[in-house]
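Engineer: After the structure tokens below, expect a handful of questions from me.
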Amino acid sequence: MSQSIQQVYIVDDDEAIRDSMSMLLETIDLPHQCFSSATEFLEIYDGTQRGCLVVDIRMPVMNGLELQKNLNEQECLLPIIFMTGHGDIPMAVEAMRAGALDFMRKPVREQDLLDRIQQALQHESGEFDMHEKMAGIRSRIATLTPKEHEIFDRVAQGQANKVIAAELGVSERTVEVHRAQVMKKLDVRTLADLVRLKLTGEAQLSP
């Protein structure tokens with residue numbers, strides 16, 4: 001189960017920067033954790049973390065881009081704010097193309113950093129809610145029997161009960177019973193809700 005509390009995960013090999021950011025976040029009582037390397041963060045990351053990452057783009061052993069790639073491969077939902085030096089702009093652009101939420105050039109103004117972090121937390125909250133919604137839809141669809149799933153698909157495509165019955169070689173009453181069961185399992189009351197759920201599920205599965 002995912003953690004409910006959002007935290008800011010600071011990943012920077014510079015102890016002074018970590019301490020400075022930690023004190024800044026303490027002033028607004030924002031939960032956070034500090035890590036001296038990307039590998040140290042990956043040791044605790046298990047996919048349940050909520051919040052956002054503030055990452056130095058240049059670090060030894062594993063840099064920020066490599067950490068981002070690793071997390072993308074794990075389908076991590078945590079938005080990343082990169083901290084960059086003057087010469088790191090090409091790397092920052094690459095990071096944005098790979099899905100980073102933002103990058104900030106050092107030195108960073110404290111209020112600007114806090115604003116970006118708050119934006120990142122709001123973004124993550126929306127992504128998390130959508131992810132949970134999609135997981136719920138997939139879970140409900142998975143409870144359908146093969147026959148119910150077939151009728152679900154046909155009803156969502158707009159086929160009438162009579163047409164479905166004729167094509168499947170069953171009675172119209174049988175279709176009605178299966179359709180009622182589908183509506184119950186998927187927790188929908190109207191045809192419009194059924195179609196909307198179908199489209200939402202298909203959108204999630206699209207590449």
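Identifiers in the structure tokens: chain A, B, ... in order shown; residue index from 1 per chain; ligand index from 1 in order shown.
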Select from region 25-205 of chain A everything DSSP, run on the backbone, classes as alpha helix (DSSP H), then give the selection as a ChimeraX atom specification.
Structural biologist: /A:25-26,38-44,64-73,89-97,110-141,146-156,161-168,172-186,191-205
Engineer: Generate a file of the selected residues that holds C-alpha atoms, formatted as a tab-separated table (two decimals), in the first residue's frame.
Structural biologist:
chain	number	residue	atom	x	y	z
A	25	LEU	CA	11.89	22.68	4.69
A	26	GLU	CA	11.81	22.47	8.48
A	38	ALA	CA	21.35	8.34	-5.99
A	39	THR	CA	22.19	4.79	-4.97
A	40	GLU	CA	21.39	5.61	-1.34
A	41	PHE	CA	17.92	6.78	-2.37
A	42	LEU	CA	17.36	3.72	-4.55
A	43	GLU	CA	18.13	1.50	-1.56
A	44	ILE	CA	14.97	2.74	0.18
A	64	GLY	CA	20.77	12.62	-11.70
A	65	LEU	CA	19.94	11.55	-15.27
A	66	GLU	CA	20.86	7.96	-14.47
A	67	LEU	CA	18.69	8.06	-11.36
A	68	GLN	CA	15.82	9.45	-13.43
A	69	LYS	CA	16.23	6.66	-16.02
A	70	ASN	CA	16.23	4.04	-13.27
A	71	LEU	CA	13.06	5.46	-11.73
A	72	ASN	CA	11.33	5.79	-15.10
A	73	GLU	CA	11.99	2.10	-15.71
A	89	ILE	CA	21.80	23.15	-19.17
A	90	PRO	CA	22.07	20.51	-21.97
A	91	MET	CA	21.72	17.81	-19.32
A	92	ALA	CA	18.73	19.61	-17.83
A	93	VAL	CA	17.05	19.79	-21.22
A	94	GLU	CA	17.60	16.06	-21.62
A	95	ALA	CA	16.09	15.53	-18.17
A	96	MET	CA	12.98	17.53	-19.10
A	97	ARG	CA	12.54	15.46	-22.23
A	110	GLU	CA	14.69	29.83	-1.23
A	111	GLN	CA	11.18	31.05	-2.04
A	112	ASP	CA	11.52	29.94	-5.65
A	113	LEU	CA	12.52	26.47	-4.47
A	114	LEU	CA	9.61	26.27	-2.05
A	115	ASP	CA	7.20	27.37	-4.78
A	116	ARG	CA	8.48	24.70	-7.17
A	117	ILE	CA	8.28	22.03	-4.48
A	118	GLN	CA	4.68	22.94	-3.67
A	119	GLN	CA	3.84	22.75	-7.39
A	120	ALA	CA	5.54	19.36	-7.59
A	121	LEU	CA	3.57	18.05	-4.62
A	122	GLN	CA	0.30	19.22	-6.17
A	123	HIS	CA	1.27	17.55	-9.45
A	124	GLU	CA	2.10	14.30	-7.69
A	125	SER	CA	-1.17	14.37	-5.79
A	126	GLY	CA	-3.11	14.59	-9.04
A	127	GLU	CA	-1.05	11.82	-10.66
A	128	PHE	CA	-1.45	9.62	-7.60
A	129	ASP	CA	-5.22	10.06	-7.52
A	130	MET	CA	-5.45	9.19	-11.22
A	131	HIS	CA	-3.20	6.15	-10.72
A	132	GLU	CA	-5.39	4.92	-7.87
A	133	LYS	CA	-8.51	5.47	-9.96
A	134	MET	CA	-7.08	3.48	-12.85
A	135	ALA	CA	-5.98	0.69	-10.53
A	136	GLY	CA	-9.54	0.52	-9.19
A	137	ILE	CA	-10.97	0.30	-12.71
A	138	ARG	CA	-8.55	-2.47	-13.69
A	139	SER	CA	-9.38	-4.34	-10.49
A	140	ARG	CA	-13.12	-4.19	-11.15
A	141	ILE	CA	-12.77	-5.23	-14.79
A	146	PRO	CA	-14.99	-14.14	-19.92
A	147	LYS	CA	-18.66	-14.05	-20.96
A	148	GLU	CA	-19.32	-10.91	-18.91
A	149	HIS	CA	-16.24	-9.26	-20.39
A	150	GLU	CA	-17.47	-10.00	-23.91
A	151	ILE	CA	-20.88	-8.51	-23.16
A	152	PHE	CA	-19.21	-5.53	-21.44
A	153	ASP	CA	-17.22	-4.86	-24.62
A	154	ARG	CA	-20.26	-5.16	-26.87
A	155	VAL	CA	-22.54	-3.03	-24.70
A	156	ALA	CA	-19.85	-0.35	-24.44
A	161	ASN	CA	-29.21	-6.60	-26.20
A	162	LYS	CA	-31.10	-8.16	-29.14
A	163	VAL	CA	-28.07	-7.86	-31.43
A	164	ILE	CA	-25.71	-9.25	-28.80
A	165	ALA	CA	-28.03	-12.20	-28.16
A	166	ALA	CA	-28.25	-13.01	-31.87
A	167	GLU	CA	-24.48	-12.83	-32.42
A	168	LEU	CA	-23.67	-14.90	-29.33
A	172	GLU	CA	-31.97	-11.82	-24.89
A	173	ARG	CA	-32.83	-12.56	-21.27
A	174	THR	CA	-29.40	-14.16	-20.79
A	175	VAL	CA	-27.76	-11.03	-22.13
A	176	GLU	CA	-29.84	-8.90	-19.76
A	177	VAL	CA	-28.77	-11.00	-16.78
A	178	HIS	CA	-25.08	-10.78	-17.74
A	179	ARG	CA	-25.39	-7.07	-18.43
A	180	ALA	CA	-26.92	-6.46	-15.00
A	181	GLN	CA	-24.09	-8.44	-13.40
A	182	VAL	CA	-21.51	-6.42	-15.32
A	183	MET	CA	-23.07	-3.15	-14.15
A	184	LYS	CA	-23.04	-4.40	-10.56
A	185	LYS	CA	-19.43	-5.59	-10.62
A	186	LEU	CA	-18.20	-2.42	-12.27
A	191	LEU	CA	-24.86	3.05	-20.00
A	192	ALA	CA	-22.99	6.36	-20.20
A	193	ASP	CA	-21.01	5.45	-17.08
A	194	LEU	CA	-20.24	2.03	-18.56
A	195	VAL	CA	-18.95	3.55	-21.80
A	196	ARG	CA	-16.91	6.12	-19.88
A	197	LEU	CA	-15.30	3.41	-17.77
A	198	LYS	CA	-14.50	1.38	-20.88
A	199	LEU	CA	-12.88	4.37	-22.61
A	200	THR	CA	-10.92	5.28	-19.49
A	201	GLY	CA	-9.60	1.73	-19.19
A	202	GLU	CA	-8.58	1.64	-22.85
A	203	ALA	CA	-6.83	5.00	-22.56
A	204	GLN	CA	-4.79	3.65	-19.65
A	205	LEU	CA	-3.71	0.62	-21.69
Engineer: Between A:Ala16, A:Val170, A:Val11, A:Cys52, single out the one closest to Cys34 (chain A), counting only C-alpha atoms.
Structural biologist: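 Of A:Ala16, A:Val170, A:Val11, A:Cys52, the one nearest Cys34 (chain A), counting only C-alpha atoms, is A:Val11.
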Engineer: As a PDB file with all heavy atoms, in the first residue's frame, please: every residue in chain A that a backbone DSSP assignment puts in strand (DSSP E).
Structural biologist:
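Once written, states.pdb looks like this:
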ATOM      1  N   GLN A   6       3.033  12.841   1.926  1.00  0.00           N
ATOM      2  CA  GLN A   6       3.992  13.300   0.930  1.00  0.00           C
ATOM      3  C   GLN A   6       5.259  13.786   1.621  1.00  0.00           C
ATOM      4  O   GLN A   6       5.202  14.456   2.657  1.00  0.00           O
ATOM      5  CB  GLN A   6       3.402  14.433   0.102  1.00  0.00           C
ATOM      6  CG  GLN A   6       2.310  13.997  -0.858  1.00  0.00           C
ATOM      7  CD  GLN A   6       1.817  15.179  -1.677  1.00  0.00           C
ATOM      8  OE1 GLN A   6       1.485  16.230  -1.145  1.00  0.00           O
ATOM      9  NE2 GLN A   6       1.766  15.014  -2.991  1.00  0.00           N
ATOM     10  N   GLN A   7       6.400  13.454   1.020  1.00  0.00           N
ATOM     11  CA  GLN A   7       7.684  13.914   1.527  1.00  0.00           C
ATOM     12  C   GLN A   7       8.514  14.456   0.373  1.00  0.00           C
ATOM     13  O   GLN A   7       8.298  14.101  -0.789  1.00  0.00           O
ATOM     14  CB  GLN A   7       8.452  12.775   2.201  1.00  0.00           C
ATOM     15  CG  GLN A   7       7.817  12.228   3.459  1.00  0.00           C
ATOM     16  CD  GLN A   7       8.801  11.389   4.259  1.00  0.00           C
ATOM     17  OE1 GLN A   7       9.807  11.888   4.760  1.00  0.00           O
ATOM     18  NE2 GLN A   7       8.510  10.107   4.369  1.00  0.00           N
ATOM     19  N   VAL A   8       9.474  15.303   0.716  1.00  0.00           N
ATOM     20  CA  VAL A   8      10.440  15.787  -0.261  1.00  0.00           C
ATOM     21  C   VAL A   8      11.715  14.971  -0.077  1.00  0.00           C
ATOM     22  O   VAL A   8      12.268  14.911   1.028  1.00  0.00           O
ATOM     23  CB  VAL A   8      10.741  17.283  -0.060  1.00  0.00           C
ATOM     24  CG1 VAL A   8      11.759  17.759  -1.101  1.00  0.00           C
ATOM     25  CG2 VAL A   8       9.459  18.101  -0.154  1.00  0.00           C
ATOM     26  N   TYR A   9      12.163  14.339  -1.149  1.00  0.00           N
ATOM     27  CA  TYR A   9      13.374  13.517  -1.103  1.00  0.00           C
ATOM     28  C   TYR A   9      14.501  14.305  -1.761  1.00  0.00           C
ATOM     29  O   TYR A   9      14.482  14.558  -2.964  1.00  0.00           O
ATOM     30  CB  TYR A   9      13.139  12.182  -1.799  1.00  0.00           C
ATOM     31  CG  TYR A   9      12.049  11.372  -1.142  1.00  0.00           C
ATOM     32  CD1 TYR A   9      10.735  11.447  -1.596  1.00  0.00           C
ATOM     33  CD2 TYR A   9      12.322  10.565  -0.040  1.00  0.00           C
ATOM     34  CE1 TYR A   9       9.720  10.723  -0.976  1.00  0.00           C
ATOM     35  CE2 TYR A   9      11.317   9.845   0.585  1.00  0.00           C
ATOM     36  CZ  TYR A   9      10.022   9.933   0.113  1.00  0.00           C
ATOM     37  OH  TYR A   9       9.007   9.217   0.730  1.00  0.00           O
ATOM     38  N   ILE A  10      15.464  14.703  -0.954  1.00  0.00           N
ATOM     39  CA  ILE A  10      16.590  15.518  -1.419  1.00  0.00           C
ATOM     40  C   ILE A  10      17.765  14.587  -1.697  1.00  0.00           C
ATOM     41  O   ILE A  10      18.217  13.845  -0.814  1.00  0.00           O
ATOM     42  CB  ILE A  10      16.995  16.551  -0.355  1.00  0.00           C
ATOM     43  CG1 ILE A  10      15.797  17.453  -0.014  1.00  0.00           C
ATOM     44  CG2 ILE A  10      18.184  17.381  -0.825  1.00  0.00           C
ATOM     45  CD1 ILE A  10      15.989  18.238   1.280  1.00  0.00           C
ATOM     46  N   VAL A  11      18.252  14.612  -2.930  1.00  0.00           N
ATOM     47  CA  VAL A  11      19.379  13.758  -3.312  1.00  0.00           C
ATOM     48  C   VAL A  11      20.501  14.650  -3.828  1.00  0.00           C
ATOM     49  O   VAL A  11      20.414  15.207  -4.931  1.00  0.00           O
ATOM     50  CB  VAL A  11      18.974  12.731  -4.390  1.00  0.00           C
ATOM     51  CG1 VAL A  11      20.145  11.788  -4.678  1.00  0.00           C
ATOM     52  CG2 VAL A  11      17.742  11.946  -3.963  1.00  0.00           C
ATOM     53  N   HIS A  32      10.595  15.553   5.028  1.00  0.00           N
ATOM     54  CA  HIS A  32      11.615  15.350   4.006  1.00  0.00           C
ATOM     55  C   HIS A  32      12.667  14.359   4.484  1.00  0.00           C
ATOM     56  O   HIS A  32      12.778  14.080   5.679  1.00  0.00           O
ATOM     57  CB  HIS A  32      12.286  16.683   3.653  1.00  0.00           C
ATOM     58  CG  HIS A  32      12.974  17.334   4.825  1.00  0.00           C
ATOM     59  ND1 HIS A  32      12.281  18.069   5.778  1.00  0.00           N
ATOM     60  CD2 HIS A  32      14.273  17.340   5.223  1.00  0.00           C
ATOM     61  CE1 HIS A  32      13.123  18.515   6.683  1.00  0.00           C
ATOM     62  NE2 HIS A  32      14.340  18.069   6.372  1.00  0.00           N
ATOM     63  N   GLN A  33      13.411  13.837   3.540  1.00  0.00           N
ATOM     64  CA  GLN A  33      14.537  12.960   3.817  1.00  0.00           C
ATOM     65  C   GLN A  33      15.688  13.368   2.909  1.00  0.00           C
ATOM     66  O   GLN A  33      15.461  13.782   1.770  1.00  0.00           O
ATOM     67  CB  GLN A  33      14.196  11.492   3.573  1.00  0.00           C
ATOM     68  CG  GLN A  33      13.168  10.912   4.527  1.00  0.00           C
ATOM     69  CD  GLN A  33      12.966   9.424   4.302  1.00  0.00           C
ATOM     70  OE1 GLN A  33      13.918   8.649   4.224  1.00  0.00           O
ATOM     71  NE2 GLN A  33      11.711   9.024   4.178  1.00  0.00           N
ATOM     72  N   CYS A  34      16.899  13.239   3.405  1.00  0.00           N
ATOM     73  CA  CYS A  34      18.082  13.605   2.629  1.00  0.00           C
ATOM     74  C   CYS A  34      18.924  12.374   2.310  1.00  0.00           C
ATOM     75  O   CYS A  34      19.069  11.469   3.145  1.00  0.00           O
ATOM     76  CB  CYS A  34      18.943  14.611   3.405  1.00  0.00           C
ATOM     77  SG  CYS A  34      18.140  16.204   3.675  1.00  0.00           S
ATOM     78  N   PHE A  35      19.504  12.378   1.109  1.00  0.00           N
ATOM     79  CA  PHE A  35      20.338  11.268   0.657  1.00  0.00           C
ATOM     80  C   PHE A  35      21.585  11.841  -0.004  1.00  0.00           C
ATOM     81  O   PHE A  35      21.509  12.797  -0.778  1.00  0.00           O
ATOM     82  CB  PHE A  35      19.573  10.382  -0.327  1.00  0.00           C
ATOM     83  CG  PHE A  35      18.293   9.826   0.233  1.00  0.00           C
ATOM     84  CD1 PHE A  35      17.111  10.559   0.142  1.00  0.00           C
ATOM     85  CD2 PHE A  35      18.273   8.596   0.878  1.00  0.00           C
ATOM     86  CE1 PHE A  35      15.926  10.064   0.675  1.00  0.00           C
ATOM     87  CE2 PHE A  35      17.093   8.105   1.417  1.00  0.00           C
ATOM     88  CZ  PHE A  35      15.920   8.828   1.312  1.00  0.00           C
ATOM     89  N   ARG A  50       5.471   8.784  -1.552  1.00  0.00           N
ATOM     90  CA  ARG A  50       4.660   9.893  -2.062  1.00  0.00           C
ATOM     91  C   ARG A  50       5.472  11.180  -1.920  1.00  0.00           C
ATOM     92  O   ARG A  50       6.264  11.320  -0.999  1.00  0.00           O
ATOM     93  CB  ARG A  50       3.377  10.043  -1.241  1.00  0.00           C
ATOM     94  CG  ARG A  50       2.416   8.868  -1.272  1.00  0.00           C
ATOM     95  CD  ARG A  50       1.623   8.815  -2.557  1.00  0.00           C
ATOM     96  NE  ARG A  50       1.150  10.120  -2.999  1.00  0.00           N
ATOM     97  CZ  ARG A  50       0.040  10.723  -2.519  1.00  0.00           C
ATOM     98  NH1 ARG A  50      -0.695  10.125  -1.590  1.00  0.00           N
ATOM     99  NH2 ARG A  50      -0.332  11.912  -2.984  1.00  0.00           N
ATOM    100  N   GLY A  51       5.244  12.124  -2.836  1.00  0.00           N
ATOM    101  CA  GLY A  51       5.915  13.410  -2.711  1.00  0.00           C
ATOM    102  C   GLY A  51       6.644  13.797  -3.971  1.00  0.00           C
ATOM    103  O   GLY A  51       6.116  13.683  -5.072  1.00  0.00           O
ATOM    104  N   CYS A  52       7.886  14.260  -3.814  1.00  0.00           N
ATOM    105  CA  CYS A  52       8.678  14.653  -4.979  1.00  0.00           C
ATOM    106  C   CYS A  52      10.164  14.516  -4.663  1.00  0.00           C
ATOM    107  O   CYS A  52      10.555  14.342  -3.507  1.00  0.00           O
ATOM    108  CB  CYS A  52       8.363  16.091  -5.398  1.00  0.00           C
ATOM    109  SG  CYS A  52       8.952  17.366  -4.253  1.00  0.00           S
ATOM    110  N   LEU A  53      10.967  14.608  -5.716  1.00  0.00           N
ATOM    111  CA  LEU A  53      12.420  14.516  -5.590  1.00  0.00           C
ATOM    112  C   LEU A  53      13.054  15.844  -5.977  1.00  0.00           C
ATOM    113  O   LEU A  53      12.647  16.467  -6.959  1.00  0.00           O
ATOM    114  CB  LEU A  53      12.961  13.434  -6.516  1.00  0.00           C
ATOM    115  CG  LEU A  53      12.927  11.987  -6.028  1.00  0.00           C
ATOM    116  CD1 LEU A  53      12.963  11.036  -7.217  1.00  0.00           C
ATOM    117  CD2 LEU A  53      14.097  11.719  -5.110  1.00  0.00           C
ATOM    118  N   VAL A  54      14.058  16.264  -5.202  1.00  0.00           N
ATOM    119  CA  VAL A  54      14.913  17.386  -5.588  1.00  0.00           C
ATOM    120  C   VAL A  54      16.302  16.804  -5.741  1.00  0.00           C
ATOM    121  O   VAL A  54      16.905  16.348  -4.753  1.00  0.00           O
ATOM    122  CB  VAL A  54      14.893  18.519  -4.543  1.00  0.00           C
ATOM    123  CG1 VAL A  54      15.810  19.662  -4.994  1.00  0.00           C
ATOM    124  CG2 VAL A  54      13.478  19.034  -4.321  1.00  0.00           C
ATOM    125  N   VAL A  55      16.807  16.787  -6.968  1.00  0.00           N
ATOM    126  CA  VAL A  55      18.014  16.015  -7.277  1.00  0.00           C
ATOM    127  C   VAL A  55      19.086  16.882  -7.923  1.00  0.00           C
ATOM    128  O   VAL A  55      18.805  17.638  -8.862  1.00  0.00           O
ATOM    129  CB  VAL A  55      17.668  14.844  -8.235  1.00  0.00           C
ATOM    130  CG1 VAL A  55      18.907  14.022  -8.546  1.00  0.00           C
ATOM    131  CG2 VAL A  55      16.582  13.968  -7.635  1.00  0.00           C
ATOM    132  N   ASP A  56      20.301  16.750  -7.440  1.00  0.00           N
ATOM    133  CA  ASP A  56      21.447  17.380  -8.089  1.00  0.00           C
ATOM    134  C   ASP A  56      21.738  16.600  -9.367  1.00  0.00           C
ATOM    135  O   ASP A  56      21.803  15.367  -9.347  1.00  0.00           O
ATOM    136  CB  ASP A  56      22.659  17.353  -7.150  1.00  0.00           C
ATOM    137  CG  ASP A  56      23.844  18.086  -7.740  1.00  0.00           C
ATOM    138  OD1 ASP A  56      23.641  18.925  -8.642  1.00  0.00           O
ATOM    139  OD2 ASP A  56      24.982  17.810  -7.318  1.00  0.00           O
ATOM    140  N   ILE A  80      10.318  15.030 -10.491  1.00  0.00           N
ATOM    141  CA  ILE A  80      11.700  15.372 -10.170  1.00  0.00           C
ATOM    142  C   ILE A  80      11.982  16.827 -10.512  1.00  0.00           C
ATOM    143  O   ILE A  80      11.672  17.293 -11.608  1.00  0.00           O
ATOM    144  CB  ILE A  80      12.689  14.474 -10.938  1.00  0.00           C
ATOM    145  CG1 ILE A  80      12.491  13.006 -10.562  1.00  0.00           C
ATOM    146  CG2 ILE A  80      14.135  14.890 -10.647  1.00  0.00           C
ATOM    147  CD1 ILE A  80      13.387  12.041 -11.344  1.00  0.00           C
ATOM    148  N   ILE A  81      12.556  17.528  -9.546  1.00  0.00           N
ATOM    149  CA  ILE A  81      13.086  18.873  -9.770  1.00  0.00           C
ATOM    150  C   ILE A  81      14.601  18.743  -9.746  1.00  0.00           C
ATOM    151  O   ILE A  81      15.172  18.294  -8.747  1.00  0.00           O
ATOM    152  CB  ILE A  81      12.639  19.849  -8.664  1.00  0.00           C
ATOM    153  CG1 ILE A  81      11.114  19.971  -8.634  1.00  0.00           C
ATOM    154  CG2 ILE A  81      13.280  21.225  -8.878  1.00  0.00           C
ATOM    155  CD1 ILE A  81      10.601  20.748  -7.426  1.00  0.00           C
ATOM    156  N   PHE A  82      15.247  19.089 -10.841  1.00  0.00           N
ATOM    157  CA  PHE A  82      16.701  18.991 -10.899  1.00  0.00           C
ATOM    158  C   PHE A  82      17.354  20.306 -10.511  1.00  0.00           C
ATOM    159  O   PHE A  82      16.864  21.392 -10.856  1.00  0.00           O
ATOM    160  CB  PHE A  82      17.164  18.602 -12.309  1.00  0.00           C
ATOM    161  CG  PHE A  82      17.115  17.124 -12.579  1.00  0.00           C
ATOM    162  CD1 PHE A  82      16.175  16.603 -13.456  1.00  0.00           C
ATOM    163  CD2 PHE A  82      17.993  16.257 -11.957  1.00  0.00           C
ATOM    164  CE1 PHE A  82      16.118  15.246 -13.711  1.00  0.00           C
ATOM    165  CE2 PHE A  82      17.947  14.899 -12.203  1.00  0.00           C
ATOM    166  CZ  PHE A  82      17.006  14.393 -13.085  1.00  0.00           C
ATOM    167  N   MET A  83      18.470  20.196  -9.788  1.00  0.00           N
ATOM    168  CA  MET A  83      19.313  21.335  -9.456  1.00  0.00           C
ATOM    169  C   MET A  83      20.510  21.282 -10.398  1.00  0.00           C
ATOM    170  O   MET A  83      21.182  20.255 -10.491  1.00  0.00           O
ATOM    171  CB  MET A  83      19.784  21.250  -8.003  1.00  0.00           C
ATOM    172  CG  MET A  83      18.657  21.072  -6.994  1.00  0.00           C
ATOM    173  SD  MET A  83      17.802  22.603  -6.663  1.00  0.00           S
ATOM    174  CE  MET A  83      19.022  23.414  -5.651  1.00  0.00           C
ATOM    175  N   THR A  84      20.773  22.366 -11.124  1.00  0.00           N
ATOM    176  CA  THR A  84      21.830  22.346 -12.121  1.00  0.00           C
ATOM    177  C   THR A  84      22.787  23.513 -11.956  1.00  0.00           C
ATOM    178  O   THR A  84      22.414  24.584 -11.480  1.00  0.00           O
ATOM    179  CB  THR A  84      21.243  22.408 -13.542  1.00  0.00           C
ATOM    180  OG1 THR A  84      20.688  23.707 -13.761  1.00  0.00           O
ATOM    181  CG2 THR A  84      20.154  21.373 -13.729  1.00  0.00           C
ATOM    182  N   ASP A 102      10.850  19.976 -13.580  1.00  0.00           N
ATOM    183  CA  ASP A 102      11.472  21.295 -13.648  1.00  0.00           C
ATOM    184  C   ASP A 102      12.963  21.173 -13.383  1.00  0.00           C
ATOM    185  O   ASP A 102      13.448  20.132 -12.917  1.00  0.00           O
ATOM    186  CB  ASP A 102      10.847  22.219 -12.601  1.00  0.00           C
ATOM    187  CG  ASP A 102      10.846  23.676 -13.025  1.00  0.00           C
ATOM    188  OD1 ASP A 102      11.638  24.034 -13.914  1.00  0.00           O
ATOM    189  OD2 ASP A 102      10.050  24.450 -12.471  1.00  0.00           O
ATOM    190  N   PHE A 103      13.715  22.228 -13.716  1.00  0.00           N
ATOM    191  CA  PHE A 103      15.104  22.301 -13.276  1.00  0.00           C
ATOM    192  C   PHE A 103      15.398  23.723 -12.848  1.00  0.00           C
ATOM    193  O   PHE A 103      14.835  24.683 -13.385  1.00  0.00           O
ATOM    194  CB  PHE A 103      16.074  21.816 -14.362  1.00  0.00           C
ATOM    195  CG  PHE A 103      16.172  22.704 -15.573  1.00  0.00           C
ATOM    196  CD1 PHE A 103      17.091  23.751 -15.614  1.00  0.00           C
ATOM    197  CD2 PHE A 103      15.380  22.471 -16.681  1.00  0.00           C
ATOM    198  CE1 PHE A 103      17.196  24.564 -16.729  1.00  0.00           C
ATOM    199  CE2 PHE A 103      15.476  23.282 -17.800  1.00  0.00           C
ATOM    200  CZ  PHE A 103      16.386  24.333 -17.828  1.00  0.00           C
ATOM    201  N   MET A 104      16.269  23.856 -11.861  1.00  0.00           N
ATOM    202  CA  MET A 104      16.585  25.155 -11.294  1.00  0.00           C
ATOM    203  C   MET A 104      18.104  25.330 -11.276  1.00  0.00           C
ATOM    204  O   MET A 104      18.841  24.420 -10.906  1.00  0.00           O
ATOM    205  CB  MET A 104      16.022  25.268  -9.869  1.00  0.00           C
ATOM    206  CG  MET A 104      14.538  24.988  -9.778  1.00  0.00           C
ATOM    207  SD  MET A 104      13.868  25.315  -8.127  1.00  0.00           S
ATOM    208  CE  MET A 104      13.957  27.112  -8.071  1.00  0.00           C
ATOM    209  N   ARG A 105      18.530  26.507 -11.694  1.00  0.00           N
ATOM    210  CA  ARG A 105      19.959  26.770 -11.725  1.00  0.00           C
ATOM    211  C   ARG A 105      20.443  27.263 -10.368  1.00  0.00           C
ATOM    212  O   ARG A 105      19.791  28.065  -9.711  1.00  0.00           O
ATOM    213  CB  ARG A 105      20.278  27.799 -12.806  1.00  0.00           C
ATOM    214  CG  ARG A 105      20.131  27.241 -14.211  1.00  0.00           C
ATOM    215  CD  ARG A 105      20.455  28.283 -15.268  1.00  0.00           C
ATOM    216  NE  ARG A 105      21.791  28.830 -15.107  1.00  0.00           N
ATOM    217  CZ  ARG A 105      22.351  29.687 -15.957  1.00  0.00           C
ATOM    218  NH1 ARG A 105      21.662  30.088 -17.015  1.00  0.00           N
ATOM    219  NH2 ARG A 105      23.562  30.143 -15.762  1.00  0.00           N
TER     220      ARG A 105
END
Engineer: Any idea what the distance is between CA of Val108 (chain A) and CA of Ser4 (chain A)?
Structural biologist: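 Result for CA of Val108 (chain A) versus CA of Ser4 (chain A): 28.9 Å, one decimal.
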Engineer: CA of Thr48 (chain A) to CA of Pro79 (chain A): how many Å, to one decimal?
Structural biologist: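 Atom-to-atom, CA of Thr48 (chain A) to CA of Pro79 (chain A), that is 13.7 Å.
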